[in-house]
$ cat run-v8.pdb   # PDB, C-alpha atoms
ATOM      1  CA  MET A  95       7.569   1.674 -50.788  1.00  0.00           C
ATOM      2  CA  LYS A  96       9.222  -0.999 -48.576  1.00  0.00           C
ATOM      3  CA  ASN A  97      11.238   1.634 -46.723  1.00  0.00           C
ATOM      4  CA  THR A  98       8.115   3.684 -46.062  1.00  0.00           C
ATOM      5  CA  LYS A  99       6.344   0.661 -44.539  1.00  0.00           C
ATOM      6  CA  LYS A 100       9.374  -0.086 -42.350  1.00  0.00           C
ATOM      7  CA  ILE A 101       9.518   3.503 -41.159  1.00  0.00           C
ATOM      8  CA  ILE A 102       5.778   3.544 -40.375  1.00  0.00           C
ATOM      9  CA  ILE A 103       5.957   0.196 -38.532  1.00  0.00           C
ATOM     10  CA  GLY A 104       9.027   1.388 -36.614  1.00  0.00           C
ATOM     11  CA  PHE A 105       7.325   4.646 -35.685  1.00  0.00           C
ATOM     12  CA  ILE A 106       4.166   2.875 -34.501  1.00  0.00           C
ATOM     13  CA  SER A 107       6.258   0.404 -32.496  1.00  0.00           C
ATOM     14  CA  LEU A 108       8.141   3.280 -30.853  1.00  0.00           C
ATOM     15  CA  ILE A 109       4.867   4.986 -29.892  1.00  0.00           C
ATOM     16  CA  ILE A 110       3.547   1.760 -28.351  1.00  0.00           C
ATOM     17  CA  VAL A 111       6.746   1.179 -26.351  1.00  0.00           C
ATOM     18  CA  LEU A 112       6.764   4.772 -25.090  1.00  0.00           C
ATOM     19  CA  ALA A 113       3.087   4.529 -24.114  1.00  0.00           C
ATOM     20  CA  VAL A 114       3.730   1.356 -22.103  1.00  0.00           C
ATOM     21  CA  PHE A 115       6.669   2.931 -20.235  1.00  0.00           C
ATOM     22  CA  TYR A 116       4.781   6.174 -19.687  1.00  0.00           C
ATOM     23  CA  GLY A 117       1.719   4.367 -18.313  1.00  0.00           C
ATOM     24  CA  GLY A 118       3.773   2.133 -16.033  1.00  0.00           C
ATOM     25  CA  TYR A 119       5.768   5.054 -14.663  1.00  0.00           C
ATOM     26  CA  PHE A 120       2.741   7.094 -13.661  1.00  0.00           C
ATOM     27  CA  LYS A 121       0.820   4.114 -12.285  1.00  0.00           C
ATOM     28  CA  ASN A 122       3.713   3.321  -9.933  1.00  0.00           C
ATOM     29  CA  ASN A 123       3.999   6.963  -8.817  1.00  0.00           C
ATOM     30  CA  LYS A 124       0.236   7.150  -8.296  1.00  0.00           C
ATOM     31  CA  GLU A 125       0.337   4.150  -5.973  1.00  0.00           C
ATOM     32  CA  ILE A 126       3.301   5.603  -4.062  1.00  0.00           C
ATOM     33  CA  GLU A 127       1.481   8.944  -3.732  1.00  0.00           C
ATOM     34  CA  PHE A 128      -1.587   7.082  -2.457  1.00  0.00           C
ATOM     35  CA  PHE A 129       0.289   6.311   0.778  1.00  0.00           C
ATOM     36  CA  HIS A 130       1.141   9.982   1.233  1.00  0.00           C
ATOM     37  CA  ASP A 131      -2.457  10.998   0.534  1.00  0.00           C
ATOM     38  CA  LYS A 132      -3.857   8.590   3.093  1.00  0.00           C
ATOM     39  CA  PHE A 133      -1.265   8.807   5.893  1.00  0.00           C
ATOM     40  CA  GLY A 134       0.451  12.154   5.299  1.00  0.00           C
ATOM     41  CA  ILE A 135       3.891  10.565   5.030  1.00  0.00           C
ATOM     42  CA  PRO A 136       5.757  11.170   1.784  1.00  0.00           C
ATOM     43  CA  LEU A 137       7.677   8.106   0.683  1.00  0.00           C
ATOM     44  CA  PRO A 138      11.224   8.692  -0.585  1.00  0.00           C
ATOM     45  CA  LYS A 139      11.916   8.855  -4.332  1.00  0.00           C
ATOM     46  CA  GLU A 140      13.704   5.505  -4.313  1.00  0.00           C
ATOM     47  CA  SER A 141      10.652   3.717  -2.856  1.00  0.00           C
ATOM     48  CA  LYS A 142       9.566   0.753  -4.912  1.00  0.00           C
ATOM     49  CA  LEU A 143       6.101  -0.677  -5.150  1.00  0.00           C
ATOM     50  CA  ILE A 144       6.738  -4.416  -4.884  1.00  0.00           C
ATOM     51  CA  TYR A 145       3.120  -5.579  -4.684  1.00  0.00           C
ATOM     52  CA  SER A 146      -0.094  -3.993  -5.881  1.00  0.00           C
ATOM     53  CA  TYR A 147      -3.531  -5.578  -5.894  1.00  0.00           C
ATOM     54  CA  LYS A 148      -7.008  -4.091  -6.015  1.00  0.00           C
ATOM     55  CA  SER A 149     -10.288  -5.974  -5.955  1.00  0.00           C
ATOM     56  CA  TYR A 150     -13.405  -3.824  -5.998  1.00  0.00           C
ATOM     57  CA  GLY A 151     -16.946  -4.622  -7.072  1.00  0.00           C
ATOM     58  CA  ALA A 152     -19.520  -2.447  -8.816  1.00  0.00           C
ATOM     59  CA  LEU A 153     -20.790  -0.982  -5.530  1.00  0.00           C
ATOM     60  CA  GLY A 154     -17.308  -0.053  -4.278  1.00  0.00           C
ATOM     61  CA  ASP A 155     -16.912  -2.972  -1.894  1.00  0.00           C
ATOM     62  CA  GLY A 156     -13.501  -4.593  -1.918  1.00  0.00           C
ATOM     63  CA  TYR A 157      -9.920  -4.100  -0.877  1.00  0.00           C
ATOM     64  CA  ARG A 158      -6.493  -2.972  -2.016  1.00  0.00           C
ATOM     65  CA  LEU A 159      -3.024  -3.945  -0.827  1.00  0.00           C
ATOM     66  CA  TYR A 160       0.157  -2.068  -1.657  1.00  0.00           C
ATOM     67  CA  ILE A 161       3.553  -3.155  -0.368  1.00  0.00           C
ATOM     68  CA  TYR A 162       6.383  -0.661  -0.669  1.00  0.00           C
ATOM     69  CA  GLN A 163      10.092  -1.409  -0.272  1.00  0.00           C
ATOM     70  CA  VAL A 164      12.291   1.378   1.066  1.00  0.00           C
ATOM     71  CA  THR A 165      15.938   1.454   2.013  1.00  0.00           C
ATOM     72  CA  SER A 166      17.022   1.116   5.624  1.00  0.00           C
ATOM     73  CA  LYS A 167      18.247   4.712   5.595  1.00  0.00           C
ATOM     74  CA  SER A 168      14.930   5.968   4.193  1.00  0.00           C
ATOM     75  CA  MET A 169      12.952   4.056   6.816  1.00  0.00           C
ATOM     76  CA  ASN A 170      15.123   5.544   9.569  1.00  0.00           C
ATOM     77  CA  ASP A 171      14.649   9.024   8.076  1.00  0.00           C
ATOM     78  CA  ILE A 172      10.863   8.592   8.132  1.00  0.00           C
ATOM     79  CA  VAL A 173      10.985   7.610  11.799  1.00  0.00           C
ATOM     80  CA  LYS A 174      13.560  10.289  12.789  1.00  0.00           C
ATOM     81  CA  LYS A 175      11.579  13.076  11.163  1.00  0.00           C
ATOM     82  CA  GLY A 176       8.725  12.214  13.500  1.00  0.00           C
ATOM     83  CA  HIS A 177       6.353  11.011  10.801  1.00  0.00           C
ATOM     84  CA  ALA A 178       5.591   7.917  12.846  1.00  0.00           C
ATOM     85  CA  ASN A 179       4.943   9.749  16.142  1.00  0.00           C
ATOM     86  CA  HIS A 180       1.181   9.425  15.816  1.00  0.00           C
ATOM     87  CA  TRP A 181       1.475   5.743  14.913  1.00  0.00           C
ATOM     88  CA  SER A 182       1.375   2.948  17.508  1.00  0.00           C
ATOM     89  CA  GLU A 183       4.441   0.818  18.074  1.00  0.00           C
ATOM     90  CA  LEU A 184       4.634  -2.781  16.905  1.00  0.00           C
ATOM     91  CA  PRO A 185       4.201  -5.561  17.826  1.00  0.00           C
ATOM     92  CA  LEU A 186       0.445  -5.737  17.709  1.00  0.00           C
ATOM     93  CA  PRO A 187      -1.085  -7.251  20.863  1.00  0.00           C
ATOM     94  CA  SER A 188      -1.405 -11.039  20.385  1.00  0.00           C
ATOM     95  CA  ASP A 189      -5.175 -11.151  21.069  1.00  0.00           C
ATOM     96  CA  PHE A 190      -5.666  -8.311  18.593  1.00  0.00           C
ATOM     97  CA  THR A 191      -3.486 -10.029  15.970  1.00  0.00           C
ATOM     98  CA  ALA A 192      -5.503 -13.259  16.059  1.00  0.00           C
ATOM     99  CA  SER A 193      -8.843 -11.457  15.654  1.00  0.00           C
ATOM    100  CA  PHE A 194      -7.466  -9.055  13.090  1.00  0.00           C
ATOM    101  CA  SER A 195      -5.986 -11.911  11.064  1.00  0.00           C
ATOM    102  CA  LYS A 196      -9.433 -13.539  10.864  1.00  0.00           C
ATOM    103  CA  LYS A 197     -10.977 -10.255   9.704  1.00  0.00           C
ATOM    104  CA  ILE A 198      -8.351  -9.833   6.962  1.00  0.00           C
ATOM    105  CA  ARG A 199      -8.776 -13.427   5.763  1.00  0.00           C
ATOM    106  CA  ALA A 200     -12.534 -12.841   5.585  1.00  0.00           C
ATOM    107  CA  ILE A 201     -12.249  -9.783   3.338  1.00  0.00           C
ATOM    108  CA  THR A 202      -9.263 -10.701   1.131  1.00  0.00           C
ATOM    109  CA  ASP A 203      -8.122 -13.740  -0.769  1.00  0.00           C
ATOM    110  CA  GLU A 204      -5.783 -16.284   0.846  1.00  0.00           C
ATOM    111  CA  THR A 205      -2.660 -15.075  -0.969  1.00  0.00           C
ATOM    112  CA  THR A 206      -3.210 -11.459   0.037  1.00  0.00           C
ATOM    113  CA  SER A 207      -3.879 -12.256   3.681  1.00  0.00           C
ATOM    114  CA  LYS A 208      -0.552 -14.128   3.927  1.00  0.00           C
ATOM    115  CA  LEU A 209       1.408 -11.117   2.632  1.00  0.00           C
ATOM    116  CA  ILE A 210       0.450  -8.842   5.533  1.00  0.00           C
ATOM    117  CA  THR A 211       2.957  -9.148   8.363  1.00  0.00           C
ATOM    118  CA  LEU A 212       0.833  -8.822  11.457  1.00  0.00           C
ATOM    119  CA  ASP A 213       3.550 -10.576  13.465  1.00  0.00           C
ATOM    120  CA  ALA A 214       6.175  -7.876  12.808  1.00  0.00           C
ATOM    121  CA  ALA A 215       8.206  -7.163  15.923  1.00  0.00           C
ATOM    122  CA  ARG A 216       9.679  -3.732  15.183  1.00  0.00           C
ATOM    123  CA  GLY A 217       7.982  -0.785  13.583  1.00  0.00           C
ATOM    124  CA  TYR A 218       4.722   1.117  13.663  1.00  0.00           C
ATOM    125  CA  TYR A 219       1.102   0.713  12.661  1.00  0.00           C
ATOM    126  CA  MET A 220      -1.928   2.894  12.119  1.00  0.00           C
ATOM    127  CA  ILE A 221      -5.563   1.916  11.606  1.00  0.00           C
ATOM    128  CA  ARG A 222      -7.947   4.581  10.336  1.00  0.00           C
ATOM    129  CA  ASN A 223     -11.553   4.887   9.301  1.00  0.00           C
ATOM    130  CA  ASN A 224     -11.591   5.604   5.539  1.00  0.00           C
ATOM    131  CA  GLN A 225     -14.593   7.906   5.759  1.00  0.00           C
ATOM    132  CA  THR A 226     -13.761  10.039   8.789  1.00  0.00           C
ATOM    133  CA  ASN A 227      -9.956   9.603   8.762  1.00  0.00           C
ATOM    134  CA  ALA A 228     -10.161   9.004  12.526  1.00  0.00           C
ATOM    135  CA  SER A 229      -7.734   6.601  14.161  1.00  0.00           C
ATOM    136  CA  ILE A 230      -9.212   3.320  15.292  1.00  0.00           C
ATOM    137  CA  THR A 231      -7.751   1.706  18.384  1.00  0.00           C
ATOM    138  CA  GLY A 232      -8.359  -1.426  20.396  1.00  0.00           C
ATOM    139  CA  THR A 233     -11.294  -3.600  19.536  1.00  0.00           C
ATOM    140  CA  ASN A 234     -13.130  -0.718  17.803  1.00  0.00           C
ATOM    141  CA  VAL A 235     -11.719  -1.991  14.524  1.00  0.00           C
ATOM    142  CA  PHE A 236     -14.060  -4.987  14.716  1.00  0.00           C
ATOM    143  CA  ASN A 237     -17.164  -2.904  15.243  1.00  0.00           C
ATOM    144  CA  SER A 238     -19.426  -3.177  12.195  1.00  0.00           C
ATOM    145  CA  SER A 239     -19.497   0.607  11.895  1.00  0.00           C
ATOM    146  CA  PHE A 240     -15.823   0.430  10.894  1.00  0.00           C
ATOM    147  CA  ASP A 241     -16.264  -1.411   7.632  1.00  0.00           C
ATOM    148  CA  ASN A 242     -14.211   1.147   5.723  1.00  0.00           C
ATOM    149  CA  VAL A 243     -10.711   0.779   7.092  1.00  0.00           C
ATOM    150  CA  MET A 244      -7.189   1.832   6.097  1.00  0.00           C
ATOM    151  CA  ILE A 245      -4.280  -0.004   7.726  1.00  0.00           C
ATOM    152  CA  GLY A 246      -0.653   1.061   7.513  1.00  0.00           C
ATOM    153  CA  ILE A 247       2.246  -0.999   8.833  1.00  0.00           C
ATOM    154  CA  MET A 248       5.884   0.151   8.787  1.00  0.00           C
ATOM    155  CA  ASN A 249       7.979  -2.969   9.347  1.00  0.00           C
ATOM    156  CA  LEU A 250      11.488  -1.967  10.413  1.00  0.00           C
ATOM    157  CA  ASP A 251      12.761  -5.552  10.188  1.00  0.00           C
ATOM    158  CA  ASN A 252      12.385  -5.788   6.393  1.00  0.00           C
ATOM    159  CA  ASN A 253      12.032  -2.050   5.529  1.00  0.00           C
ATOM    160  CA  ARG A 254       8.615  -2.605   4.017  1.00  0.00           C
ATOM    161  CA  ILE A 255       5.536  -0.478   4.326  1.00  0.00           C
ATOM    162  CA  TYR A 256       2.124  -2.108   3.954  1.00  0.00           C
ATOM    163  CA  LEU A 257      -1.101  -0.350   3.077  1.00  0.00           C
ATOM    164  CA  LEU A 258      -4.315  -2.352   3.245  1.00  0.00           C
ATOM    165  CA  SER A 259      -7.589  -0.613   2.562  1.00  0.00           C
ATOM    166  CA  TYR A 260     -11.005  -2.243   2.575  1.00  0.00           C
ATOM    167  CA  ASN A 261     -14.586  -1.112   2.135  1.00  0.00           C
ATOM    168  CA  MET A 262     -17.401  -3.483   3.044  1.00  0.00           C
TER     169      MET A 262
END

$ encode --input "run-v8.pdb" --output "C-alpha cells"
Amino acid sequence: MKNTKKIIIGFISLIIVLAVFYGGYFKNNKEIEFFHDKFGIPLPKESKLIYSYKSYGALGDGYRLYIYQVTSKSMNDIVKKGHANHWSELPLPSDFTASFSKKIRAITDETTSKLITLDAARGYYMIRNNQTNASITGTNVFNSSFDNVMIGIMNLDNNRIYLLSYNM
C-alpha cells in the first residue's frame, strides 16, 4: 500500500513538472513569434526573451513590452539579410526622443519606461500603427489617432531587440 502511494505521488509530481516545463517552453516561443508576426522578421532559434510584461484592462487598453537578447552574429545576420532595410536608422532625433519618452512614461509604469533604450546610438527602429500596420514617421506618432502603436528597436550596441505595443 505504501509503495502504491509513493508511485502515485511520484507520477503526479512528474506530470506537474512536465506541465510547468511544457507551458514555459511554449509561452517563450509564442512571445518570440510575436515579433515575427508583427514585424515580419524571424528571430533566430537561440533568441532569448529576457523581459516580458503585459498590462491590459478589460476594454483592451494597455501595453506590452518584450525584450529579446540575440547574439552578435544573429543581429548581424538580421541586418545583412536586409530585414532592417525598411526600418529607420538609430539614433532617434533628440527632439523626437524627448517627446516620445514622455509619451511612453504616460502609458507605462516607471520601471517599464526605463527599460526602453531610446538613446541607443546604433541600430534600427520602426513605429507602426497596430490597426493599419502602416509605418508612422515624424511627429505623426503623437497624433491622437495613433493610439494603437507598435514600436520595434534593434539596438546593435547590446544586441537587444525591444518590442513595445500599446493600445489607448

$ residues_around --input "run-v8.pdb" --residues "Gly151 (chain A)" --least-positions-apart "5" --cutoff "12 Å" --atoms "all atoms listed in the file" --output "PyMOL selection string"
chain A and resi 156-158+260-262

$ resolve_selection --input "run-v8.pdb" --expression "the PyMOL selection byres ((chain A and resi 182-185) around 6)" --output "number ranges by chain"
A: 181, 186, 214-219

$ write_last_selection --input "run-v8.pdb" --atoms "C-alpha atoms" --output "CSV table (one decimal), in the coordinates of the input"
chain,number,residue,atom,x,y,z
A,181,TRP,CA,1.5,5.7,14.9
A,186,LEU,CA,0.4,-5.7,17.7
A,214,ALA,CA,6.2,-7.9,12.8
A,215,ALA,CA,8.2,-7.2,15.9
A,216,ARG,CA,9.7,-3.7,15.2
A,217,GLY,CA,8.0,-0.8,13.6
A,218,TYR,CA,4.7,1.1,13.7
A,219,TYR,CA,1.1,0.7,12.7

$ resolve_selection --input "run-v8.pdb" --expression "the PyMOL selection byres ((chain A and resi 135-137) around 12)" --output "number ranges by chain"
A: 123-134, 138-143, 162-165, 168-173, 175-181, 220, 246, 248, 254-255

$ closest_residue --input "run-v8.pdb" --among "A:Ser195, A:Ser188, A:Ser259, A:Asn249" --to "Arg222 (chain A)" --atoms "only C-alpha atoms"
A:Ser259

$ axis_aligned_box --input "run-v8.pdb" --around "region 141-155 of chain A" --padding-each-side "8 Å" --output "AutoDock Vina command-line options"
--center_x -5.1 --center_y -1.1 --center_z -5.4 --size_x 47.4 --size_y 25.7 --size_z 22.9

$ resolve_selection --input "run-v8.pdb" --expression "the PyMOL selection byres ((chain A and resi 258) around 10)" --output "JSON list (two decimals) with C-alpha atoms, in the frame of the given file"
[["chain", "number", "residue", "atom", "x", "y", "z"],
["A", 147, "TYR", "CA", -3.53, -5.58, -5.89],
["A", 148, "LYS", "CA", -7.01, -4.09, -6.02],
["A", 157, "TYR", "CA", -9.92, -4.10, -0.88],
["A", 158, "ARG", "CA", -6.49, -2.97, -2.02],
["A", 159, "LEU", "CA", -3.02, -3.94, -0.83],
["A", 160, "TYR", "CA", 0.16, -2.07, -1.66],
["A", 161, "ILE", "CA", 3.55, -3.16, -0.37],
["A", 198, "ILE", "CA", -8.35, -9.83, 6.96],
["A", 202, "THR", "CA", -9.26, -10.70, 1.13],
["A", 206, "THR", "CA", -3.21, -11.46, 0.04],
["A", 207, "SER", "CA", -3.88, -12.26, 3.68],
["A", 210, "ILE", "CA", 0.45, -8.84, 5.53],
["A", 221, "ILE", "CA", -5.56, 1.92, 11.61],
["A", 243, "VAL", "CA", -10.71, 0.78, 7.09],
["A", 244, "MET", "CA", -7.19, 1.83, 6.10],
["A", 245, "ILE", "CA", -4.28, 0.00, 7.73],
["A", 246, "GLY", "CA", -0.65, 1.06, 7.51],
["A", 247, "ILE", "CA", 2.25, -1.00, 8.83],
["A", 256, "TYR", "CA", 2.12, -2.11, 3.95],
["A", 257, "LEU", "CA", -1.10, -0.35, 3.08],
["A", 259, "SER", "CA", -7.59, -0.61, 2.56],
["A", 260, "TYR", "CA", -11.00, -2.24, 2.58]]

$ atom_distance --input "run-v8.pdb" --atom1 "CA of Ser166 (chain A)" --atom2 "CA of Thr205 (chain A)"
26.3 Å

$ atom_distance --input "run-v8.pdb" --atom1 "CA of Asn252 (chain A)" --atom2 "CA of Lys197 (chain A)"
24.0 Å

$ atom_distance --input "run-v8.pdb" --atom1 "CA of Lys167 (chain A)" --atom2 "CA of Ser146 (chain A)"
23.3 Å
